[in-house]
>>> print(open('final_39.cif').read())   # mmCIF, N, CA and C atoms
data_target
#
loop_
_atom_site.label_atom_id
_atom_site.label_comp_id
_atom_site.auth_asym_id
_atom_site.auth_seq_id
_atom_site.Cartn_x
_atom_site.Cartn_y
_atom_site.Cartn_z
N MET T 1 -7.44 0.41 -0.01
CA MET T 1 -7.24 0.89 1.34
C MET T 1 -8.52 1.58 1.82
N GLN T 2 -8.86 1.32 3.03
CA GLN T 2 -10.01 1.98 3.65
C GLN T 2 -9.48 2.91 4.74
N VAL T 3 -9.96 4.14 4.77
CA VAL T 3 -9.48 5.14 5.71
C VAL T 3 -10.65 5.72 6.49
N SER T 4 -10.47 5.88 7.80
CA SER T 4 -11.42 6.64 8.61
C SER T 4 -10.60 7.63 9.45
N ALA T 5 -11.16 8.81 9.66
CA ALA T 5 -10.47 9.85 10.42
C ALA T 5 -11.49 10.64 11.21
N ALA T 6 -11.10 11.03 12.44
CA ALA T 6 -11.97 11.83 13.30
C ALA T 6 -11.13 12.93 13.93
N LEU T 7 -11.70 14.14 13.99
CA LEU T 7 -11.02 15.30 14.56
C LEU T 7 -11.55 15.55 15.96
N ILE T 8 -10.63 15.70 16.90
CA ILE T 8 -10.98 16.04 18.28
C ILE T 8 -10.25 17.33 18.62
N SER T 9 -10.97 18.38 18.91
CA SER T 9 -10.36 19.66 19.26
C SER T 9 -10.28 19.80 20.76
N ALA T 10 -9.11 20.22 21.23
CA ALA T 10 -8.92 20.45 22.66
C ALA T 10 -8.02 21.67 22.82
N GLY T 11 -8.63 22.80 23.15
CA GLY T 11 -7.85 24.02 23.35
C GLY T 11 -7.14 24.47 22.09
N ASN T 12 -5.83 24.55 22.16
CA ASN T 12 -5.03 25.04 21.03
C ASN T 12 -4.61 23.93 20.07
N GLU T 13 -5.06 22.70 20.33
CA GLU T 13 -4.65 21.58 19.48
C GLU T 13 -5.83 20.89 18.82
N ALA T 14 -5.55 20.36 17.65
CA ALA T 14 -6.52 19.52 16.94
C ALA T 14 -5.87 18.15 16.80
N GLU T 15 -6.51 17.15 17.35
CA GLU T 15 -6.00 15.79 17.29
C GLU T 15 -6.81 15.02 16.26
N VAL T 16 -6.12 14.38 15.33
CA VAL T 16 -6.80 13.56 14.33
C VAL T 16 -6.46 12.10 14.62
N ASN T 17 -7.49 11.34 14.94
CA ASN T 17 -7.33 9.90 15.13
C ASN T 17 -7.73 9.24 13.81
N PHE T 18 -6.89 8.31 13.33
CA PHE T 18 -7.17 7.69 12.04
C PHE T 18 -6.96 6.19 12.10
N ALA T 19 -7.58 5.52 11.15
CA ALA T 19 -7.41 4.08 10.97
C ALA T 19 -7.31 3.82 9.47
N ILE T 20 -6.32 3.03 9.09
CA ILE T 20 -6.13 2.64 7.69
C ILE T 20 -6.15 1.13 7.64
N THR T 21 -7.01 0.57 6.80
CA THR T 21 -7.12 -0.87 6.65
C THR T 21 -6.69 -1.28 5.25
N SER T 22 -5.79 -2.23 5.19
CA SER T 22 -5.34 -2.78 3.91
C SER T 22 -6.36 -3.82 3.47
N ARG T 23 -7.08 -3.51 2.40
CA ARG T 23 -8.11 -4.41 1.89
C ARG T 23 -7.78 -4.79 0.46
N ARG T 24 -8.04 -6.01 0.11
CA ARG T 24 -7.83 -6.51 -1.25
C ARG T 24 -6.39 -6.35 -1.73
N VAL T 25 -5.44 -6.36 -0.80
CA VAL T 25 -4.02 -6.33 -1.15
C VAL T 25 -3.41 -7.56 -0.50
N GLY T 26 -2.85 -8.47 -1.29
CA GLY T 26 -2.35 -9.74 -0.78
C GLY T 26 -0.89 -9.73 -0.38
N HIS T 27 -0.32 -8.53 -0.14
CA HIS T 27 1.09 -8.42 0.23
C HIS T 27 1.28 -7.14 1.04
N ALA T 28 2.47 -6.99 1.61
CA ALA T 28 2.77 -5.75 2.33
C ALA T 28 2.63 -4.58 1.36
N PHE T 29 2.14 -3.44 1.86
CA PHE T 29 1.92 -2.28 0.99
C PHE T 29 2.53 -1.05 1.63
N PRO T 30 3.30 -0.25 0.90
CA PRO T 30 3.64 -0.43 -0.51
C PRO T 30 4.75 -1.44 -0.70
N THR T 31 4.81 -1.99 -1.89
CA THR T 31 5.84 -2.97 -2.21
C THR T 31 6.50 -2.57 -3.52
N GLY T 32 7.48 -3.34 -3.92
CA GLY T 32 8.19 -3.02 -5.16
C GLY T 32 9.44 -2.24 -4.84
N ASP T 33 9.64 -1.13 -5.48
CA ASP T 33 10.82 -0.29 -5.31
C ASP T 33 11.01 0.07 -3.83
N VAL T 34 12.21 -0.01 -3.33
CA VAL T 34 12.48 0.26 -1.92
C VAL T 34 12.28 1.72 -1.53
N TYR T 35 12.14 2.62 -2.51
CA TYR T 35 11.95 4.04 -2.20
C TYR T 35 10.48 4.41 -2.02
N ARG T 36 9.58 3.49 -2.27
CA ARG T 36 8.14 3.79 -2.15
C ARG T 36 7.73 3.92 -0.69
N SER T 37 6.77 4.81 -0.47
CA SER T 37 6.21 4.96 0.87
C SER T 37 4.74 5.31 0.76
N LEU T 38 3.99 4.94 1.78
CA LEU T 38 2.59 5.31 1.92
C LEU T 38 2.57 6.36 3.03
N ARG T 39 1.91 7.48 2.76
CA ARG T 39 1.90 8.57 3.73
C ARG T 39 0.46 9.01 4.00
N PHE T 40 0.11 9.07 5.30
CA PHE T 40 -1.16 9.64 5.71
C PHE T 40 -0.83 11.05 6.16
N VAL T 41 -1.35 12.05 5.43
CA VAL T 41 -1.00 13.45 5.66
C VAL T 41 -2.24 14.21 6.10
N VAL T 42 -2.09 15.00 7.17
CA VAL T 42 -3.16 15.88 7.65
C VAL T 42 -2.63 17.30 7.56
N SER T 43 -3.45 18.21 7.03
CA SER T 43 -2.97 19.58 6.85
C SER T 43 -4.04 20.61 7.20
N SER T 44 -3.54 21.77 7.61
CA SER T 44 -4.37 22.94 7.87
C SER T 44 -3.56 24.12 7.36
N GLY T 45 -3.96 24.65 6.21
CA GLY T 45 -3.16 25.71 5.60
C GLY T 45 -1.81 25.16 5.21
N ASP T 46 -0.74 25.80 5.70
CA ASP T 46 0.60 25.32 5.35
C ASP T 46 1.24 24.49 6.46
N VAL T 47 0.46 24.09 7.46
CA VAL T 47 0.94 23.22 8.54
C VAL T 47 0.52 21.79 8.24
N GLU T 48 1.49 20.86 8.31
CA GLU T 48 1.21 19.45 8.02
C GLU T 48 1.77 18.54 9.10
N ALA T 49 1.13 17.39 9.24
CA ALA T 49 1.65 16.30 10.06
C ALA T 49 1.43 15.04 9.24
N GLU T 50 2.31 14.06 9.40
CA GLU T 50 2.15 12.85 8.60
C GLU T 50 2.65 11.62 9.34
N GLU T 51 2.11 10.48 8.92
CA GLU T 51 2.56 9.17 9.38
C GLU T 51 3.04 8.45 8.12
N VAL T 52 4.24 7.87 8.19
CA VAL T 52 4.85 7.24 7.02
C VAL T 52 4.91 5.73 7.22
N PHE T 53 4.51 5.00 6.19
CA PHE T 53 4.56 3.54 6.19
C PHE T 53 5.51 3.12 5.06
N ALA T 54 6.62 2.48 5.42
CA ALA T 54 7.63 2.15 4.42
C ALA T 54 8.65 1.17 4.99
N ARG T 55 9.52 0.71 4.12
CA ARG T 55 10.70 -0.03 4.55
C ARG T 55 11.80 1.00 4.77
N HIS T 56 12.55 0.85 5.86
CA HIS T 56 13.60 1.80 6.21
C HIS T 56 14.95 1.09 6.18
N PHE T 57 15.92 1.71 5.54
CA PHE T 57 17.23 1.10 5.35
C PHE T 57 18.32 1.99 5.94
N ALA T 58 19.44 1.36 6.30
CA ALA T 58 20.60 2.10 6.78
C ALA T 58 21.86 1.33 6.41
N PHE T 59 22.95 2.06 6.26
CA PHE T 59 24.23 1.40 6.02
C PHE T 59 24.80 0.95 7.36
N ARG T 60 25.26 -0.29 7.38
CA ARG T 60 25.90 -0.82 8.58
C ARG T 60 27.30 -1.27 8.21
N VAL T 61 28.18 -1.17 9.16
CA VAL T 61 29.55 -1.62 8.94
C VAL T 61 29.54 -3.14 8.91
N THR T 62 30.26 -3.73 7.94
CA THR T 62 30.33 -5.19 7.84
C THR T 62 31.08 -5.76 9.04
N GLU T 63 30.89 -7.04 9.27
CA GLU T 63 31.52 -7.69 10.44
C GLU T 63 33.03 -7.53 10.46
N ASP T 64 33.66 -7.55 9.28
CA ASP T 64 35.13 -7.41 9.26
C ASP T 64 35.56 -5.94 9.38
N GLY T 65 34.59 -5.00 9.40
CA GLY T 65 34.89 -3.59 9.59
C GLY T 65 35.47 -2.89 8.38
N ARG T 66 35.53 -3.54 7.24
CA ARG T 66 36.17 -2.95 6.06
C ARG T 66 35.18 -2.39 5.03
N GLY T 67 33.91 -2.53 5.28
CA GLY T 67 32.95 -2.06 4.29
C GLY T 67 31.63 -1.70 4.92
N HIS T 68 30.72 -1.30 4.07
CA HIS T 68 29.36 -0.95 4.50
C HIS T 68 28.37 -1.76 3.69
N GLN T 69 27.29 -2.12 4.34
CA GLN T 69 26.26 -2.91 3.69
C GLN T 69 24.90 -2.29 3.99
N LEU T 70 24.07 -2.15 2.95
CA LEU T 70 22.73 -1.60 3.13
C LEU T 70 21.83 -2.70 3.67
N GLU T 71 21.17 -2.42 4.80
CA GLU T 71 20.28 -3.40 5.43
C GLU T 71 18.97 -2.74 5.82
N GLU T 72 17.91 -3.55 5.80
CA GLU T 72 16.63 -3.08 6.29
C GLU T 72 16.70 -3.02 7.81
N VAL T 73 16.31 -1.87 8.38
CA VAL T 73 16.33 -1.72 9.82
C VAL T 73 14.94 -1.62 10.43
N ASP T 74 13.93 -1.38 9.59
CA ASP T 74 12.55 -1.30 10.09
C ASP T 74 11.61 -1.46 8.91
N ASP T 75 10.45 -2.03 9.17
CA ASP T 75 9.43 -2.20 8.14
C ASP T 75 8.08 -1.84 8.74
N THR T 76 7.57 -0.67 8.35
CA THR T 76 6.30 -0.19 8.91
C THR T 76 5.16 -0.27 7.89
N ARG T 77 5.39 -1.01 6.77
CA ARG T 77 4.35 -1.14 5.75
C ARG T 77 3.13 -1.86 6.32
N LEU T 78 1.97 -1.64 5.70
CA LEU T 78 0.76 -2.34 6.11
C LEU T 78 0.77 -3.75 5.55
N GLN T 79 0.40 -4.70 6.37
CA GLN T 79 0.32 -6.10 5.97
C GLN T 79 -1.10 -6.40 5.48
N PRO T 80 -1.29 -7.49 4.75
CA PRO T 80 -2.64 -7.82 4.24
C PRO T 80 -3.67 -7.85 5.38
N ARG T 81 -4.81 -7.21 5.16
CA ARG T 81 -5.95 -7.16 6.07
C ARG T 81 -5.61 -6.51 7.43
N GLU T 82 -4.51 -5.81 7.52
CA GLU T 82 -4.14 -5.15 8.77
C GLU T 82 -4.82 -3.79 8.87
N THR T 83 -5.23 -3.43 10.09
CA THR T 83 -5.71 -2.09 10.38
C THR T 83 -4.68 -1.41 11.25
N ARG T 84 -4.20 -0.27 10.80
CA ARG T 84 -3.22 0.51 11.56
C ARG T 84 -3.91 1.77 12.05
N ARG T 85 -3.79 2.03 13.34
CA ARG T 85 -4.40 3.21 13.93
C ARG T 85 -3.30 4.18 14.35
N GLY T 86 -3.62 5.47 14.32
CA GLY T 86 -2.64 6.47 14.71
C GLY T 86 -3.29 7.76 15.13
N ARG T 87 -2.44 8.68 15.53
CA ARG T 87 -2.91 9.98 16.04
C ARG T 87 -1.91 11.04 15.59
N LEU T 88 -2.41 12.10 15.01
CA LEU T 88 -1.58 13.23 14.61
C LEU T 88 -2.15 14.49 15.26
N VAL T 89 -1.26 15.38 15.68
CA VAL T 89 -1.69 16.60 16.38
C VAL T 89 -1.17 17.82 15.61
N LEU T 90 -2.08 18.76 15.39
CA LEU T 90 -1.76 20.03 14.71
C LEU T 90 -2.37 21.17 15.53
N PRO T 91 -2.04 22.41 15.17
CA PRO T 91 -2.71 23.54 15.83
C PRO T 91 -4.22 23.46 15.58
N ALA T 92 -5.00 23.96 16.52
CA ALA T 92 -6.46 23.90 16.43
C ALA T 92 -6.97 24.49 15.13
N ALA T 93 -7.99 23.85 14.58
CA ALA T 93 -8.63 24.32 13.34
C ALA T 93 -10.06 23.83 13.33
N GLU T 94 -10.91 24.52 12.59
CA GLU T 94 -12.31 24.13 12.49
C GLU T 94 -12.46 22.86 11.65
N SER T 95 -11.59 22.69 10.67
CA SER T 95 -11.57 21.46 9.88
C SER T 95 -10.17 21.26 9.32
N LEU T 96 -9.84 20.02 9.04
CA LEU T 96 -8.53 19.67 8.51
C LEU T 96 -8.70 18.78 7.30
N ARG T 97 -7.78 18.88 6.35
CA ARG T 97 -7.79 18.02 5.17
C ARG T 97 -6.84 16.85 5.43
N TRP T 98 -7.20 15.68 4.93
CA TRP T 98 -6.31 14.53 5.02
C TRP T 98 -6.19 13.88 3.65
N SER T 99 -5.08 13.19 3.45
CA SER T 99 -4.90 12.43 2.22
C SER T 99 -4.04 11.21 2.50
N LEU T 100 -4.32 10.15 1.78
CA LEU T 100 -3.51 8.93 1.82
C LEU T 100 -2.78 8.90 0.48
N GLU T 101 -1.45 8.96 0.53
CA GLU T 101 -0.66 9.15 -0.68
C GLU T 101 0.39 8.06 -0.85
N LEU T 102 0.55 7.61 -2.08
CA LEU T 102 1.63 6.69 -2.44
C LEU T 102 2.74 7.54 -3.05
N HIS T 103 3.91 7.49 -2.46
CA HIS T 103 5.06 8.25 -2.97
C HIS T 103 6.06 7.27 -3.57
N ARG T 104 6.53 7.60 -4.75
CA ARG T 104 7.53 6.77 -5.42
C ARG T 104 8.95 7.14 -4.99
N LEU T 105 9.08 8.28 -4.31
CA LEU T 105 10.34 8.78 -3.80
C LEU T 105 9.99 9.71 -2.64
N ALA T 106 10.81 9.73 -1.61
CA ALA T 106 10.55 10.62 -0.47
C ALA T 106 10.41 12.06 -0.97
N PRO T 107 9.41 12.82 -0.48
CA PRO T 107 9.17 14.18 -0.98
C PRO T 107 10.42 15.07 -0.97
N ARG T 108 11.19 15.04 0.08
CA ARG T 108 12.39 15.88 0.16
C ARG T 108 13.40 15.49 -0.92
N GLU T 109 13.58 14.19 -1.11
CA GLU T 109 14.50 13.71 -2.14
C GLU T 109 14.00 14.05 -3.53
N ALA T 110 12.70 13.94 -3.74
CA ALA T 110 12.11 14.29 -5.05
C ALA T 110 12.37 15.76 -5.37
N ARG T 111 12.13 16.65 -4.39
CA ARG T 111 12.37 18.07 -4.62
C ARG T 111 13.84 18.34 -4.90
N ARG T 112 14.72 17.66 -4.17
CA ARG T 112 16.16 17.83 -4.37
C ARG T 112 16.56 17.46 -5.79
N ARG T 113 15.87 16.51 -6.36
CA ARG T 113 16.17 16.07 -7.73
C ARG T 113 15.39 16.83 -8.79
N GLY T 114 14.62 17.84 -8.37
CA GLY T 114 13.88 18.67 -9.32
C GLY T 114 12.61 18.03 -9.84
N LEU T 115 12.07 17.06 -9.12
CA LEU T 115 10.84 16.38 -9.55
C LEU T 115 9.63 17.00 -8.85
N SER T 116 8.53 17.09 -9.56
CA SER T 116 7.30 17.66 -9.00
C SER T 116 6.51 16.58 -8.26
N ASP T 117 5.56 17.04 -7.45
CA ASP T 117 4.66 16.10 -6.77
C ASP T 117 3.95 15.20 -7.76
N GLU T 118 3.50 15.77 -8.87
CA GLU T 118 2.77 14.99 -9.87
C GLU T 118 3.60 13.85 -10.44
N GLN T 119 4.92 14.00 -10.44
CA GLN T 119 5.80 12.97 -10.98
C GLN T 119 6.07 11.84 -9.99
N THR T 120 5.90 12.09 -8.71
CA THR T 120 6.30 11.09 -7.71
C THR T 120 5.21 10.70 -6.72
N ARG T 121 4.05 11.38 -6.75
CA ARG T 121 3.01 11.14 -5.75
C ARG T 121 1.70 10.79 -6.43
N HIS T 122 0.98 9.84 -5.82
CA HIS T 122 -0.36 9.49 -6.29
C HIS T 122 -1.29 9.50 -5.08
N VAL T 123 -2.33 10.33 -5.10
CA VAL T 123 -3.28 10.41 -4.00
C VAL T 123 -4.27 9.26 -4.13
N LEU T 124 -4.29 8.37 -3.14
CA LEU T 124 -5.18 7.21 -3.15
C LEU T 124 -6.56 7.55 -2.62
N SER T 125 -6.60 8.45 -1.63
CA SER T 125 -7.86 8.81 -0.98
C SER T 125 -7.65 10.15 -0.28
N GLN T 126 -8.73 10.92 -0.15
CA GLN T 126 -8.61 12.20 0.56
C GLN T 126 -9.96 12.60 1.13
N GLY T 127 -9.91 13.51 2.08
CA GLY T 127 -11.15 13.97 2.69
C GLY T 127 -10.91 15.11 3.65
N VAL T 128 -11.96 15.49 4.35
CA VAL T 128 -11.93 16.57 5.33
C VAL T 128 -12.48 16.02 6.63
N VAL T 129 -11.84 16.39 7.74
CA VAL T 129 -12.39 16.01 9.05
C VAL T 129 -12.77 17.27 9.80
N GLN T 130 -13.90 17.20 10.47
CA GLN T 130 -14.40 18.32 11.27
C GLN T 130 -14.65 17.80 12.68
N PRO T 131 -14.68 18.69 13.66
CA PRO T 131 -14.89 18.24 15.04
C PRO T 131 -16.15 17.41 15.18
N ARG T 132 -16.07 16.38 16.03
CA ARG T 132 -17.26 15.56 16.29
C ARG T 132 -18.28 16.38 17.06
N ARG T 133 -19.51 16.20 16.69
CA ARG T 133 -20.62 16.88 17.38
C ARG T 133 -21.33 15.85 18.25
N ASP T 134 -20.95 15.80 19.51
CA ASP T 134 -21.54 14.81 20.44
C ASP T 134 -22.78 15.32 21.10
#
>>> encode(input="final_39.cif", output="structure tokens")
Amino acid sequence: MQVSAALISAGNEAEVNFAITSRRVGHAFPTGDVYRSLRFVVSSGDVEAEEVFARHFAFRVTEDGRGHQLEEVDDTRLQPRETRRGRLVLPAAESLRWSLELHRLAPREARRRGLSDEQTRHVLSQGVVQPRRD
């Protein structure tokens, strides 16, 4: 994965524009277990914002109305050679940290089950963004 990020400060807000490109991956990413997700996280102190790339599922009532069936309702994973762009906004800061993380289980669910970040998260890339000097 290739990541670029730029910080734009405007008043009380810091806007981070990012681009993630899936390189050398010949399938949708992440793949495998349905609980996996790719997360682009931007943080300043204890304030975070994130963009999540994953398959999303929900239970739907079956056509006969007597049961429930788990179905995919959305797929936001990155496709081969795709570049995904986004924007995250946090309170103004001189610099912000970012990370691209592969999660084997949603962070909230992992904590609920007593699992640590080290057990369920792998940081693929990380960095710091500072305001552009034009």
>>> closest_residue(input="final_39.cif", among="T:Ser125, T:Gln130, T:Gln69, T:Ser37", to="Ala106 of chain T", atoms="all atoms listed in the file")
T:Ser37
>>> resolve_selection(input="final_39.cif", expression="the PyMOL selection byres ((chain T and resi 3) around 6)", output="short mmCIF file (atom, residue, chain, number, x, y, z; two decimals) with N, CA and C atoms, keeping the file's coordinate frame")
data_model
loop_
_atom_site.label_atom_id
_atom_site.label_comp_id
_atom_site.auth_asym_id
_atom_site.auth_seq_id
_atom_site.Cartn_x
_atom_site.Cartn_y
_atom_site.Cartn_z
N MET T 1 -7.44 0.41 -0.01
CA MET T 1 -7.24 0.89 1.34
C MET T 1 -8.52 1.58 1.82
N GLN T 2 -8.86 1.32 3.03
CA GLN T 2 -10.01 1.98 3.65
C GLN T 2 -9.48 2.91 4.74
N SER T 4 -10.47 5.88 7.80
CA SER T 4 -11.42 6.64 8.61
C SER T 4 -10.60 7.63 9.45
N ALA T 5 -11.16 8.81 9.66
CA ALA T 5 -10.47 9.85 10.42
C ALA T 5 -11.49 10.64 11.21
N ALA T 19 -7.58 5.52 11.15
CA ALA T 19 -7.41 4.08 10.97
C ALA T 19 -7.31 3.82 9.47
N ILE T 20 -6.32 3.03 9.09
CA ILE T 20 -6.13 2.64 7.69
C ILE T 20 -6.15 1.13 7.64
N THR T 21 -7.01 0.57 6.80
CA THR T 21 -7.12 -0.87 6.65
C THR T 21 -6.69 -1.28 5.25
#
>>> resolve_selection(input="final_39.cif", expression="the PyMOL selection byres (((chain T and resi 49-55 and name CA) around 9) and name CA)", output="PDB file with N, CA and C atoms, in the coordinates of the input")
ATOM      1  N   PHE T  29       2.140  -3.440   1.860  1.00  0.00           N
ATOM      2  CA  PHE T  29       1.920  -2.280   0.990  1.00  0.00           C
ATOM      3  C   PHE T  29       2.530  -1.050   1.630  1.00  0.00           C
ATOM      4  N   PRO T  30       3.300  -0.250   0.900  1.00  0.00           N
ATOM      5  CA  PRO T  30       3.640  -0.430  -0.510  1.00  0.00           C
ATOM      6  C   PRO T  30       4.750  -1.440  -0.700  1.00  0.00           C
ATOM      7  N   THR T  31       4.810  -1.990  -1.890  1.00  0.00           N
ATOM      8  CA  THR T  31       5.840  -2.970  -2.210  1.00  0.00           C
ATOM      9  C   THR T  31       6.500  -2.570  -3.520  1.00  0.00           C
ATOM     10  N   VAL T  34      12.210  -0.010  -3.330  1.00  0.00           N
ATOM     11  CA  VAL T  34      12.480   0.260  -1.920  1.00  0.00           C
ATOM     12  C   VAL T  34      12.280   1.720  -1.530  1.00  0.00           C
ATOM     13  N   TYR T  35      12.140   2.620  -2.510  1.00  0.00           N
ATOM     14  CA  TYR T  35      11.950   4.040  -2.200  1.00  0.00           C
ATOM     15  C   TYR T  35      10.480   4.410  -2.020  1.00  0.00           C
ATOM     16  N   ARG T  36       9.580   3.490  -2.270  1.00  0.00           N
ATOM     17  CA  ARG T  36       8.140   3.790  -2.150  1.00  0.00           C
ATOM     18  C   ARG T  36       7.730   3.920  -0.690  1.00  0.00           C
ATOM     19  N   SER T  37       6.770   4.810  -0.470  1.00  0.00           N
ATOM     20  CA  SER T  37       6.210   4.960   0.870  1.00  0.00           C
ATOM     21  C   SER T  37       4.740   5.310   0.760  1.00  0.00           C
ATOM     22  N   LEU T  38       3.990   4.940   1.780  1.00  0.00           N
ATOM     23  CA  LEU T  38       2.590   5.310   1.920  1.00  0.00           C
ATOM     24  C   LEU T  38       2.570   6.360   3.030  1.00  0.00           C
ATOM     25  N   ARG T  39       1.910   7.480   2.760  1.00  0.00           N
ATOM     26  CA  ARG T  39       1.900   8.570   3.730  1.00  0.00           C
ATOM     27  C   ARG T  39       0.460   9.010   4.000  1.00  0.00           C
ATOM     28  N   PHE T  40       0.110   9.070   5.300  1.00  0.00           N
ATOM     29  CA  PHE T  40      -1.160   9.640   5.710  1.00  0.00           C
ATOM     30  C   PHE T  40      -0.830  11.050   6.160  1.00  0.00           C
ATOM     31  N   VAL T  41      -1.350  12.050   5.430  1.00  0.00           N
ATOM     32  CA  VAL T  41      -1.000  13.450   5.660  1.00  0.00           C
ATOM     33  C   VAL T  41      -2.240  14.210   6.100  1.00  0.00           C
ATOM     34  N   VAL T  42      -2.090  15.000   7.170  1.00  0.00           N
ATOM     35  CA  VAL T  42      -3.160  15.880   7.650  1.00  0.00           C
ATOM     36  C   VAL T  42      -2.630  17.300   7.560  1.00  0.00           C
ATOM     37  N   SER T  43      -3.450  18.210   7.030  1.00  0.00           N
ATOM     38  CA  SER T  43      -2.970  19.580   6.850  1.00  0.00           C
ATOM     39  C   SER T  43      -4.040  20.610   7.200  1.00  0.00           C
ATOM     40  N   VAL T  47       0.460  24.090   7.460  1.00  0.00           N
ATOM     41  CA  VAL T  47       0.940  23.220   8.540  1.00  0.00           C
ATOM     42  C   VAL T  47       0.520  21.790   8.240  1.00  0.00           C
ATOM     43  N   GLU T  48       1.490  20.860   8.310  1.00  0.00           N
ATOM     44  CA  GLU T  48       1.210  19.450   8.020  1.00  0.00           C
ATOM     45  C   GLU T  48       1.770  18.540   9.100  1.00  0.00           C
ATOM     46  N   HIS T  56      12.550   0.850   5.860  1.00  0.00           N
ATOM     47  CA  HIS T  56      13.600   1.800   6.210  1.00  0.00           C
ATOM     48  C   HIS T  56      14.950   1.090   6.180  1.00  0.00           C
ATOM     49  N   PHE T  57      15.920   1.710   5.540  1.00  0.00           N
ATOM     50  CA  PHE T  57      17.230   1.100   5.350  1.00  0.00           C
ATOM     51  C   PHE T  57      18.320   1.990   5.940  1.00  0.00           C
ATOM     52  N   GLU T  72      17.910  -3.550   5.800  1.00  0.00           N
ATOM     53  CA  GLU T  72      16.630  -3.080   6.290  1.00  0.00           C
ATOM     54  C   GLU T  72      16.700  -3.020   7.810  1.00  0.00           C
ATOM     55  N   VAL T  73      16.310  -1.870   8.380  1.00  0.00           N
ATOM     56  CA  VAL T  73      16.330  -1.720   9.820  1.00  0.00           C
ATOM     57  C   VAL T  73      14.940  -1.620  10.430  1.00  0.00           C
ATOM     58  N   ASP T  74      13.930  -1.380   9.590  1.00  0.00           N
ATOM     59  CA  ASP T  74      12.550  -1.300  10.090  1.00  0.00           C
ATOM     60  C   ASP T  74      11.610  -1.460   8.910  1.00  0.00           C
ATOM     61  N   ASP T  75      10.450  -2.030   9.170  1.00  0.00           N
ATOM     62  CA  ASP T  75       9.430  -2.200   8.140  1.00  0.00           C
ATOM     63  C   ASP T  75       8.080  -1.840   8.740  1.00  0.00           C
ATOM     64  N   THR T  76       7.570  -0.670   8.350  1.00  0.00           N
ATOM     65  CA  THR T  76       6.300  -0.190   8.910  1.00  0.00           C
ATOM     66  C   THR T  76       5.160  -0.270   7.890  1.00  0.00           C
ATOM     67  N   ARG T  77       5.390  -1.010   6.770  1.00  0.00           N
ATOM     68  CA  ARG T  77       4.350  -1.140   5.750  1.00  0.00           C
ATOM     69  C   ARG T  77       3.130  -1.860   6.320  1.00  0.00           C
ATOM     70  N   LEU T  78       1.970  -1.640   5.700  1.00  0.00           N
ATOM     71  CA  LEU T  78       0.760  -2.340   6.110  1.00  0.00           C
ATOM     72  C   LEU T  78       0.770  -3.750   5.550  1.00  0.00           C
ATOM     73  N   GLY T  86      -3.620   5.470  14.320  1.00  0.00           N
ATOM     74  CA  GLY T  86      -2.640   6.470  14.710  1.00  0.00           C
ATOM     75  C   GLY T  86      -3.290   7.760  15.130  1.00  0.00           C
ATOM     76  N   ARG T  87      -2.440   8.680  15.530  1.00  0.00           N
ATOM     77  CA  ARG T  87      -2.910   9.980  16.040  1.00  0.00           C
ATOM     78  C   ARG T  87      -1.910  11.040  15.590  1.00  0.00           C
ATOM     79  N   LEU T  88      -2.410  12.100  15.010  1.00  0.00           N
ATOM     80  CA  LEU T  88      -1.580  13.230  14.610  1.00  0.00           C
ATOM     81  C   LEU T  88      -2.150  14.490  15.260  1.00  0.00           C
ATOM     82  N   VAL T  89      -1.260  15.380  15.680  1.00  0.00           N
ATOM     83  CA  VAL T  89      -1.690  16.600  16.380  1.00  0.00           C
ATOM     84  C   VAL T  89      -1.170  17.820  15.610  1.00  0.00           C
ATOM     85  N   LEU T  90      -2.080  18.760  15.390  1.00  0.00           N
ATOM     86  CA  LEU T  90      -1.760  20.030  14.710  1.00  0.00           C
ATOM     87  C   LEU T  90      -2.370  21.170  15.530  1.00  0.00           C
TER      88      LEU T  90
END
>>> resolve_selection(input="final_39.cif", expression="the PyMOL selection byres (((chain T and resi 123 and name CA) around 8) and name CA)", output="JSON, numbers by chain")
{"T": [99, 100, 101, 102, 121, 122, 124, 125, 126]}
>>> residues_near_point(input="final_39.cif", point="(-14.7, 20.8, 12.8)", cutoff="6.5 Å", atoms="all atoms listed in the file", output="list in words")
Ala93, Glu94, Ser95, Leu96, Val129, Gln130, Pro131 and Arg132 of chain T
>>> residues_around(input="final_39.cif", residues="Pro91 of chain T", least_positions_apart="2", cutoff="6 Å", atoms="only C-alpha atoms", output="list in words")
Asn12, Glu13 and Ala14 of chain T
>>> select_by_dssp(input="final_39.cif", residues="chain T", states="alpha helix (DSSP H)", output="VMD selection string")
chain T and resid 107 to 112 117 to 120
>>> atom_distance(input="final_39.cif", atom1="atom N of Ser44 of chain T", atom2="atom CA of Ala28 of chain T")
28.7 Å
>>> closest_residue(input="final_39.cif", among="T:Ala92, T:Arg84, T:Asp33, T:His68", to="Arg104 of chain T", atoms="all atoms listed in the file")
T:Asp33
>>> atom_distance(input="final_39.cif", atom1="atom CA of Arg112 of chain T", atom2="atom CA of Gly45 of chain T")
23.1 Å
>>> atom_distance(input="final_39.cif", atom1="atom C of Arg24 of chain T", atom2="atom N of Arg85 of chain T")
17.4 Å
>>> select_by_dssp(input="final_39.cif", residues="chain T", states="strand (DSSP E)", output="PyMOL selection string")
chain T and resi 2-10+13-21+37-44+47-61+68-75+83-91+96-103+121-129
>>> axis_aligned_box(input="final_39.cif", around="segment 88-92 of chain T", padding_each_side="8 Å", output="JSON")
{"center_x": -4.1, "center_y": 18.3, "center_z": 15.6, "size_x": 21.8, "size_y": 28.4, "size_z": 17.9}
>>> closest_residue(input="final_39.cif", among="T:Val16, T:Ala6, T:Leu105, T:Val25", to="Pro80 of chain T", atoms="only C-alpha atoms")
T:Val25
>>> residues_around(input="final_39.cif", residues="Leu70 of chain T", least_positions_apart="4", cutoff="5 Å", atoms="only N, CA and C atoms", output="number ranges by chain")
T: 58-60
>>> closest_residue(input="final_39.cif", among="T:Gly127, T:His27, T:Thr62, T:Leu7", to="Arg81 of chain T", atoms="all atoms listed in the file")
T:His27
